[in-house]
Amino acid sequence: MKFKSPPVNSLSLEFLTEFSIGLEKLENNRACRGVIITSAVPKIFSSGLDITEMCGKSVEHYGEFWRAVQEMWLRLYGSNMVTVAAVNGSSPAGGCLIALSCDYRIMAENPKFSIGLNEAQLGIVAPFWFKDTFVNVVGHRIAERSLQLGSLHPAPEAQRLGLVDELVPEEKLMEKAAAVMAQWLALPDHARQLTKTMMRKAVLDRLVAHREEDIKNFITFVSKESIQKSLRMYMEMLKKRKS
Ligand SMILES: CCCCCC/C=C\CC(=O)SCCNC(=O)CCNC(=O)[C@H](O)C(C)(C)COP(=O)(O)OP(=O)(O)OC[C@H]1O[C@@H](n2cnc3c(N)ncnc32)[C@H](O)[C@@H]1OP(=O)(O)O
C-alpha cells in the first residue's frame, strides 16, 4: 500500500476511512498474506493525524474522526497479515503509530527523516493505546522518556532505540522490505498468526473494552479551549516555519 495524499499524507477522516477499507479488503482476500506500507510522497511517510480535523469542528465530527483513528489501528495492529513498514520519510505522531503497528520497520537511512510520538510537543497527550503500542516495541523506559519529551528521533537514533528495526539506503528500501516479507512469509501462517495474536491481544482488547470511553475522553479533551489554542498555535508555527 502506498500512501499518496500530498503534501504530507496527513491522516484525515477520508484518508483513515480509505486506509481501513483497503486493509479490510486485503485481510479478506485469502490470496494476500502480507502488506508493505510505504509512501508515494517524497520525504514524508505520514505527518500524523490531520490537525485540521481536530480544530474548530463539531463534537459529532470529533467523535467520527476518533472512531476512524481507532478503527485504523484495530485493523492494522490486529491484522493477520504480515505487515512491514517501509518508512521512506518523516513519520511523526499518528504516522509513527502506523509504523509501530506493523510487524517490522525498515527506515531510509537519512538523518533528516525522523520518527516518534511527539504529541507532548503539541500540548496533547498520546492516548493509552498509542503508548501501549510504543512500549511493546521499545520497552517502558525508552517509551517513558521519549513520550514525556515528545521526541522525534532522527533515523539513526530511532534504530539505536529499537523504534525501527533497520536502516537501509533509500533506493534499497523496497528491495529490503520484499526480502523481509519473504522471510516472514516462509513460516506457516497459522503458527505466526497465533503467536502475533498472543503478543498483541491484551493491548487490542483494552481498547475494544474502552472504545466508547476513549471517544468521550477525546471529545472532552479536544473540545477544551486550551487544547484548541495549542493546536491552532502549532498550525501557525508550521506555516511560519515554512515562510
Ligand atoms: C485524548 C487524545 C488526544 C489526542 C491525541 C492525538 C494523537 C495523535 C496526534 C497527531 O498525530 S497530531 C499530528 C502531529 N504531527 C506533527 O506534529 C507533524 C507536523 N508537520 C511537520 O512537522 C511537517 O509538516 C513535516 C511532516 C515534517 C513536513 O514538513 P515540510 O516542510 O515538508 O512540509 P510543511 O510545509 O511543514 O507542511 C506542508 C503543509 O501541510 C500542513 N501540515 C503538516 N502536517 C500537518 C498535519 N499533521 N495536519 C494538518 N496539516 C499538516 C502544513 O501546515 C502545510 O500547510 P500549508 O502551509 O501548505 O497550508
# chains A, B, ... in the order shown; residues from 1 in each chain; ligands from 1

call {"tool": "residues_around", "arguments": {"residues": "Val168 in chain A", "least_positions_apart": "4", "cutoff": "10 Å", "atoms": "only C-alpha atoms", "output": "ChimeraX atom specification"}}
result
/A:86,88,106-110,172-177

call {"tool": "residues_around", "arguments": {"residues": "His61 in chain A", "least_positions_apart": "5", "cutoff": "12 Å", "atoms": "only C-alpha atoms", "output": "list of chain:residue names"}}
result
A:Ser12, A:Leu13, A:Thr52, A:Glu53, A:Met54, A:Cys55, A:Gly56, A:Trp66, A:Arg67, A:Ala68, A:Ile215, A:Phe218, A:Ile219, A:Val222, A:Ser223

call {"tool": "write_last_selection", "arguments": {"atoms": "C-alpha atoms", "output": "PDB file, in the first residue's frame"}}
result
ATOM      1  CA  SER A  12      -7.713  12.939   7.584  1.00  0.00           C
ATOM      2  CA  LEU A  13     -11.065  11.242   8.152  1.00  0.00           C
ATOM      3  CA  THR A  52      -7.411  20.446  10.877  1.00  0.00           C
ATOM      4  CA  GLU A  53      -9.774  17.539  11.752  1.00  0.00           C
ATOM      5  CA  MET A  54      -9.241  18.386  15.427  1.00  0.00           C
ATOM      6  CA  CYS A  55      -9.652  22.175  15.157  1.00  0.00           C
ATOM      7  CA  GLY A  56     -12.895  24.151  15.238  1.00  0.00           C
ATOM      8  CA  TRP A  66     -11.617   9.464  16.590  1.00  0.00           C
ATOM      9  CA  ARG A  67     -13.617   6.306  15.793  1.00  0.00           C
ATOM     10  CA  ALA A  68     -11.855   6.234  12.403  1.00  0.00           C
ATOM     11  CA  ILE A 215     -14.022   8.512  22.226  1.00  0.00           C
ATOM     12  CA  PHE A 218     -11.016  12.508  23.145  1.00  0.00           C
ATOM     13  CA  ILE A 219     -14.057  14.728  22.571  1.00  0.00           C
ATOM     14  CA  VAL A 222     -10.035  18.195  22.156  1.00  0.00           C
ATOM     15  CA  SER A 223     -13.027  20.479  22.803  1.00  0.00           C
TER      16      SER A 223
END

call {"tool": "closest_residue", "arguments": {"among": "A:Leu74, A:Cys102, A:Met233, A:Leu238", "to": "ligand 1", "atoms": "only C-alpha atoms and all ligand atoms"}}
result
A:Leu238

call {"tool": "closest_residue", "arguments": {"among": "A:Lys25, A:His153, A:Lys2, A:Arg75", "to": "Ser39 in chain A", "atoms": "only C-alpha atoms"}}
result
A:Lys2

call {"tool": "atom_distance", "arguments": {"atom1": "CA of Gln193 in chain A", "atom2": "CA of Tyr77 in chain A"}}
result
12.0 Å

call {"tool": "select_by_dssp", "arguments": {"residues": "range 8-242 of chain A", "states": "helix (DSSP H, G or I)", "output": "ChimeraX atom specification"}}
result
/A:13-28,51-54,59-77,94-100,119-122,128-138,140-149,155-161,170-185,189-209,211-223,225-242

call {"tool": "closest_residue", "arguments": {"among": "A:Trp73, A:Phe65, A:Trp184, A:Phe221", "to": "Phe19 in chain A", "atoms": "only C-alpha atoms"}}
result
A:Trp73

call {"tool": "closest_atom_pairs", "arguments": {"of": "range 166-203 of chain A", "to": "range 125-147 of chain A", "cutoff": "10 Å", "atoms": "only C-alpha atoms", "output": "CSV"}}
result
residue,atom,partner,partner_atom,distance
A:Met199,CA,A:Asn136,CA,9.0
A:Arg200,CA,A:Asn136,CA,8.6
A:Ala202,CA,A:Asp132,CA,9.8
A:Val203,CA,A:Asp132,CA,6.6

call {"tool": "atom_distance", "arguments": {"atom1": "CA of Lys57 in chain A", "atom2": "CA of Lys229 in chain A"}}
result
13.3 Å

call {"tool": "closest_residue", "arguments": {"among": "A:Val41, A:Leu100, A:Ile36, A:Ala182", "to": "ligand 1", "atoms": "only C-alpha atoms and all ligand atoms"}}
result
A:Val41

call {"tool": "residues_around", "arguments": {"residues": "Val8 in chain A", "least_positions_apart": "5", "cutoff": "8 Å", "atoms": "only C-alpha atoms", "output": "list in words"}}
result
Val41, Ile44, Phe45, Ser46 and Ser47 of chain A

call {"tool": "atom_distance", "arguments": {"atom1": "CA of Phe3 in chain A", "atom2": "CA of Glu60 in chain A"}}
result
26.8 Å

call {"tool": "select_by_dssp", "arguments": {"residues": "range 139-177 of chain A", "states": "strand (DSSP E or B)", "output": "PyMOL selection string"}}
result
chain A and resi 153-154+166-168

call {"tool": "closest_residue", "arguments": {"among": "A:Lys4, A:Arg160, A:Arg105, A:Lys112", "to": "Lys43 in chain A", "atoms": "only C-alpha atoms"}}
result
A:Lys112

call {"tool": "closest_residue", "arguments": {"among": "A:Gly48, A:Pro169, A:Gly150, A:Gly123", "to": "ligand 1", "atoms": "only C-alpha atoms and all ligand atoms"}}
result
A:Gly48
